[in-house]
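Trainee: Below you'll find data_8.cif; it's mmCIF, C-alpha atoms; chains and numbers go by the auth columns.
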```cif
data_structure
loop_
_atom_site.group_PDB
_atom_site.id
_atom_site.type_symbol
_atom_site.label_atom_id
_atom_site.label_comp_id
_atom_site.label_asym_id
_atom_site.label_seq_id
_atom_site.Cartn_x
_atom_site.Cartn_y
_atom_site.Cartn_z
_atom_site.B_iso_or_equiv
_atom_site.auth_seq_id
_atom_site.auth_asym_id
ATOM 1 C CA MET A 1 51.081 15.474 -10.083 0.00 605 A
ATOM 2 C CA GLN A 2 48.032 15.792 -7.923 0.00 606 A
ATOM 3 C CA PHE A 3 44.754 14.187 -8.846 0.00 607 A
ATOM 4 C CA GLN A 4 41.423 15.044 -7.389 0.00 608 A
ATOM 5 C CA VAL A 5 39.730 11.923 -6.008 0.00 609 A
ATOM 6 C CA PRO A 6 35.958 11.870 -6.486 0.00 610 A
ATOM 7 C CA GLN A 7 33.993 11.660 -3.249 0.00 611 A
ATOM 8 C CA PHE A 8 30.352 10.991 -2.402 0.00 612 A
ATOM 9 C CA LEU A 9 29.991 8.415 -5.166 0.00 613 A
ATOM 10 C CA ASP A 10 26.844 6.966 -3.618 0.00 614 A
ATOM 11 C CA VAL A 11 24.957 10.287 -3.816 0.00 615 A
ATOM 12 C CA GLU A 12 23.054 10.737 -7.076 0.00 616 A
ATOM 13 C CA ASP A 13 23.064 14.068 -8.892 0.00 617 A
ATOM 14 C CA LYS A 14 20.011 16.289 -8.604 0.00 618 A
ATOM 15 C CA ILE A 15 19.039 16.811 -12.234 0.00 619 A
ATOM 16 C CA ILE A 16 15.474 18.136 -12.208 0.00 620 A
ATOM 17 C CA GLY A 17 14.979 20.546 -9.311 0.00 621 A
ATOM 18 C CA PRO A 18 15.424 18.777 -5.961 0.00 622 A
ATOM 19 C CA PHE A 19 14.890 15.333 -7.578 0.00 623 A
ATOM 20 C CA THR A 20 17.235 12.855 -9.193 0.00 624 A
ATOM 21 C CA ILE A 21 16.306 11.514 -12.610 0.00 625 A
ATOM 22 C CA LYS A 22 14.962 8.271 -11.103 0.00 626 A
ATOM 23 C CA GLN A 23 12.843 10.101 -8.547 0.00 627 A
ATOM 24 C CA PHE A 24 11.446 12.408 -11.222 0.00 628 A
ATOM 25 C CA LEU A 25 10.555 9.497 -13.518 0.00 629 A
ATOM 26 C CA TYR A 26 8.877 7.532 -10.694 0.00 630 A
ATOM 27 C CA LEU A 27 6.853 10.582 -9.632 0.00 631 A
ATOM 28 C CA ALA A 28 5.925 11.536 -13.197 0.00 632 A
ATOM 29 C CA GLY A 29 4.938 7.946 -13.986 0.00 633 A
ATOM 30 C CA GLY A 30 2.819 7.580 -10.843 0.00 634 A
ATOM 31 C CA ILE A 31 1.058 10.894 -11.329 0.00 635 A
ATOM 32 C CA GLY A 32 0.597 10.254 -15.058 0.00 636 A
ATOM 33 C CA MET A 33 -0.908 6.797 -14.491 0.00 637 A
ATOM 34 C CA GLY A 34 -3.135 8.248 -11.777 0.00 638 A
ATOM 35 C CA TYR A 35 -4.376 10.965 -14.132 0.00 639 A
ATOM 36 C CA LEU A 36 -5.070 8.455 -16.921 0.00 640 A
ATOM 37 C CA SER A 37 -6.997 6.182 -14.581 0.00 641 A
ATOM 38 C CA TYR A 38 -9.105 9.144 -13.435 0.00 642 A
ATOM 39 C CA ARG A 39 -9.788 10.226 -17.047 0.00 643 A
ATOM 40 C CA PHE A 40 -10.938 6.760 -18.196 0.00 644 A
ATOM 41 C CA ILE A 41 -12.770 5.619 -15.029 0.00 645 A
ATOM 42 C CA PRO A 42 -14.046 8.813 -13.363 0.00 646 A
ATOM 43 C CA TRP A 43 -14.905 7.888 -9.738 0.00 647 A
ATOM 44 C CA VAL A 44 -13.203 4.534 -9.290 0.00 648 A
ATOM 45 C CA GLY A 45 -10.210 5.962 -11.131 0.00 649 A
ATOM 46 C CA LEU A 46 -9.876 8.641 -8.466 0.00 650 A
ATOM 47 C CA VAL A 47 -9.086 6.049 -5.789 0.00 651 A
ATOM 48 C CA LEU A 48 -6.955 4.032 -8.220 0.00 652 A
ATOM 49 C CA GLY A 49 -5.160 7.227 -9.261 0.00 653 A
ATOM 50 C CA MET A 50 -4.374 8.085 -5.649 0.00 654 A
ATOM 51 C CA LEU A 51 -2.965 4.586 -5.136 0.00 655 A
ATOM 52 C CA LEU A 52 -0.824 4.824 -8.270 0.00 656 A
ATOM 53 C CA ALA A 53 0.475 8.269 -7.295 0.00 657 A
ATOM 54 C CA GLY A 54 1.289 6.960 -3.801 0.00 658 A
ATOM 55 C CA PHE A 55 3.073 3.972 -5.321 0.00 659 A
ATOM 56 C CA GLY A 56 5.129 6.334 -7.497 0.00 660 A
ATOM 57 C CA ALA A 57 6.010 8.427 -4.427 0.00 661 A
ATOM 58 C CA ALA A 58 7.018 5.279 -2.521 0.00 662 A
ATOM 59 C CA LEU A 59 9.261 4.233 -5.406 0.00 663 A
ATOM 60 C CA ALA A 60 10.822 7.684 -5.446 0.00 664 A
ATOM 61 C CA PHE A 61 11.375 8.324 -1.737 0.00 665 A
ATOM 62 C CA TYR A 62 10.775 5.286 0.507 0.00 666 A
ATOM 63 C CA LYS A 63 13.810 3.273 1.605 0.00 667 A
ATOM 64 C CA PHE A 64 13.574 -0.094 3.316 0.00 668 A
ATOM 65 C CA ASN A 65 16.749 -1.100 5.202 0.00 669 A
ATOM 66 C CA ASN A 66 18.586 1.737 3.431 0.00 670 A
ATOM 67 C CA LYS A 67 17.752 0.279 0.021 0.00 671 A
ATOM 68 C CA PRO A 68 15.318 1.748 -2.499 0.00 672 A
ATOM 69 C CA PHE A 69 11.747 0.431 -2.502 0.00 673 A
ATOM 70 C CA ILE A 70 12.205 -1.031 -6.001 0.00 674 A
ATOM 71 C CA PHE A 71 14.647 -3.593 -4.563 0.00 675 A
ATOM 72 C CA LEU A 72 11.973 -4.777 -2.135 0.00 676 A
ATOM 73 C CA ILE A 73 9.482 -5.181 -4.968 0.00 677 A
ATOM 74 C CA GLU A 74 12.052 -7.001 -7.095 0.00 678 A
ATOM 75 C CA SER A 75 12.883 -9.386 -4.249 0.00 679 A
ATOM 76 C CA ALA A 76 9.193 -10.088 -3.609 0.00 680 A
ATOM 77 C CA PHE A 77 8.621 -10.770 -7.316 0.00 681 A
ATOM 78 C CA ASN A 78 11.635 -13.118 -7.497 0.00 682 A
ATOM 79 C CA TYR A 79 10.450 -14.953 -4.393 0.00 683 A
ATOM 80 C CA MET A 80 6.968 -15.457 -5.849 0.00 684 A
ATOM 81 C CA ASN A 81 8.331 -16.797 -9.137 0.00 685 A
ATOM 82 C CA SER A 82 11.054 -19.048 -7.760 0.00 686 A
ATOM 83 C CA THR A 83 10.603 -22.656 -6.750 0.00 687 A
ATOM 84 C CA ARG A 84 10.881 -23.348 -3.070 0.00 688 A
ATOM 85 C CA PHE A 85 13.006 -26.147 -1.686 0.00 689 A
ATOM 86 C CA TYR A 86 12.084 -27.366 1.767 0.00 690 A
ATOM 87 C CA LEU A 87 14.633 -29.442 3.652 0.00 691 A
ATOM 88 C CA TRP A 88 12.521 -30.195 6.685 0.00 692 A
ATOM 89 C CA LYS A 89 9.820 -32.816 6.487 0.00 693 A
ATOM 90 C CA ARG A 90 7.686 -34.080 9.318 0.00 694 A
ATOM 91 C CA ARG A 91 8.228 -37.765 10.045 0.00 695 A
ATOM 92 C CA GLU A 92 5.938 -40.109 11.850 0.00 696 A
ATOM 93 C CA LYS A 93 6.844 -40.577 15.493 0.00 697 A
ATOM 94 C CA LEU A 94 8.242 -43.956 16.351 0.00 698 A
ATOM 95 C CA ALA A 95 6.573 -45.908 19.089 0.00 699 A
ATOM 96 C CA GLU A 96 8.124 -44.751 22.328 0.00 700 A
ATOM 97 C CA ALA A 97 9.360 -47.332 24.783 0.00 701 A
ATOM 98 C CA LYS A 98 7.482 -47.198 28.076 0.00 702 A
ATOM 99 C CA LEU A 99 9.316 -47.572 31.362 0.00 703 A
ATOM 100 C CA ASP A 100 7.816 -49.664 34.103 0.00 704 A
ATOM 101 C CA LEU A 101 8.891 -47.914 37.291 0.00 705 A
ATOM 102 C CA ASN A 102 7.444 -50.652 39.501 0.00 706 A
ATOM 103 C CA ASN A 103 10.076 -53.184 38.376 0.00 707 A
ATOM 104 C CA PHE A 104 12.977 -50.841 38.926 0.00 708 A
ATOM 105 C CA THR A 105 16.118 -52.574 40.227 0.00 709 A
ATOM 106 C CA LEU A 106 19.322 -51.042 41.450 0.00 710 A
ATOM 107 C CA THR A 107 22.540 -51.938 39.699 0.00 711 A
ATOM 108 C CA LYS A 108 25.885 -51.875 41.409 0.00 712 A
ATOM 109 C CA HIS A 109 28.629 -49.881 39.788 0.00 713 A
ATOM 110 C CA GLU A 110 32.245 -50.877 39.725 0.00 714 A
ATOM 111 C CA GLN A 111 34.853 -49.028 41.769 0.00 715 A
ATOM 112 C CA GLY A 112 36.249 -47.049 38.835 0.00 716 A
ATOM 113 C CA SER A 113 32.938 -46.020 37.279 0.00 717 A
ATOM 114 C CA ALA A 114 31.864 -42.435 36.762 0.00 718 A
ATOM 115 C CA MET A 115 28.871 -42.783 39.096 0.00 719 A
ATOM 116 C CA LYS A 116 31.116 -43.692 42.012 0.00 720 A
ATOM 117 C CA THR A 117 33.385 -40.717 41.389 0.00 721 A
ATOM 118 C CA VAL A 118 30.442 -38.317 41.223 0.00 722 A
ATOM 119 C CA SER A 119 28.935 -39.621 44.451 0.00 723 A
ATOM 120 C CA SER A 120 32.330 -39.567 46.192 0.00 724 A
ATOM 121 C CA LYS A 121 32.913 -35.986 45.068 0.00 725 A
ATOM 122 C CA LEU A 122 29.485 -35.021 46.361 0.00 726 A
ATOM 123 C CA SER A 123 30.091 -36.679 49.694 0.00 727 A
ATOM 124 C CA ASP A 124 33.527 -35.017 49.973 0.00 728 A
ATOM 125 C CA LEU A 125 31.939 -31.676 49.239 0.00 729 A
ATOM 126 C CA SER A 126 29.202 -32.199 51.773 0.00 730 A
ATOM 127 C CA TRP A 127 31.728 -33.202 54.456 0.00 731 A
ATOM 128 C CA SER A 128 33.938 -30.210 53.735 0.00 732 A
ATOM 129 C CA MET A 129 31.139 -27.783 54.559 0.00 733 A
ATOM 130 C CA ASP A 130 30.841 -26.807 58.223 0.00 734 A
ATOM 131 C CA VAL A 131 27.195 -27.640 58.712 0.00 735 A
ATOM 132 C CA ALA A 132 25.849 -29.169 61.877 0.00 736 A
ATOM 133 C CA GLU A 133 24.693 -32.660 61.124 0.00 737 A
ATOM 134 C CA SER A 134 21.143 -33.428 62.154 0.00 738 A
ATOM 135 C CA SER A 135 19.677 -36.835 62.830 0.00 739 A
ATOM 136 C CA GLU A 136 17.842 -36.790 59.490 0.00 740 A
ATOM 137 C CA SER A 137 21.031 -36.269 57.511 0.00 741 A
ATOM 138 C CA ALA A 138 22.716 -39.065 59.421 0.00 742 A
ATOM 139 C CA GLU A 139 19.881 -41.397 58.450 0.00 743 A
ATOM 140 C CA ASP A 140 20.188 -40.281 54.836 0.00 744 A
ATOM 141 C CA GLN A 141 23.922 -40.983 54.900 0.00 745 A
ATOM 142 C CA ARG A 142 23.302 -44.458 56.323 0.00 746 A
ATOM 143 C CA ARG A 143 20.803 -45.162 53.545 0.00 747 A
ATOM 144 C CA LEU A 144 23.344 -44.042 50.928 0.00 748 A
ATOM 145 C CA ASP A 145 26.015 -46.227 52.512 0.00 749 A
ATOM 146 C CA LYS A 146 23.609 -49.170 52.521 0.00 750 A
ATOM 147 C CA LEU A 147 22.965 -48.683 48.789 0.00 751 A
ATOM 148 C CA GLY A 148 26.698 -48.424 48.118 0.00 752 A
ATOM 149 C CA LEU A 149 26.672 -44.883 46.837 0.00 753 A
#
```
Write out the structure in this file as structure tokens.
Mentor:
Amino acid sequence: MQFQVPQFLDVEDKIIGPFTIKQFLYLAGGIGMGYLSYRFIPWVGLVLGMLLAGFGAALAFYKFNNKPFIFLIESAFNYMNSTRFYLWKRREKLAEAKLDLNNFTLTKHEQGSAMKTVSSKLSDLSWSMDVAESSESAEDQRRLDKLGL
């Protein structure tokens, strides 16, 4: 037996002219509320009626991130009514320790320390490059040797 599989399930049926039932109800409600506001408040109601009709049209046709506008309004309403839980709080800064750079003393590292391996790798790298050695670099190397680096 063959069965026909329904397709286009996400497309709503056009019931009333080119509109779905939801679109028709949103438009009719917006226009109806606009008309009532104009009838009861003549000149102020005209502006209010235009806003209500525009709101009805936005509900019927406007999509935000491919979702109907009513979902945006629902999310905004839920956000306004929910309690907010903040995890981050500002703490007072602790007193920072100040360094006195005038009393700076050099410490000698042991043979197997990481500082010695880094400096030896750097010196090996510098020696492996074919760069003519100037008198300034020779003085710098002597200073490094004197410091034990």
Trainee: Could you please determine the separation between CA of Ile619 (chain A) and CA of Phe659 (chain A) in Å, to one decimal place?
Mentor: 21.6 Å
Trainee: Work out how far apart CA of Asn670 (chain A) and CA of Thr624 (chain A) are and give it in Å to one decimal.
Mentor: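 Interatomic distance here is 16.9 Å.
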Trainee: So which residues touch region 646-657 of chain A within 12 Å, counting all atoms listed in the file, skipping near sequence neighbours fewer than 2 positions away, as a PyMOL selection string?
Mentor: chain A and resi 629-644+659-664
Trainee: CA of Tyr666 (chain A) to CA of Ala680 (chain A): how many Å, to one decimal?
Mentor: 16.0 Å
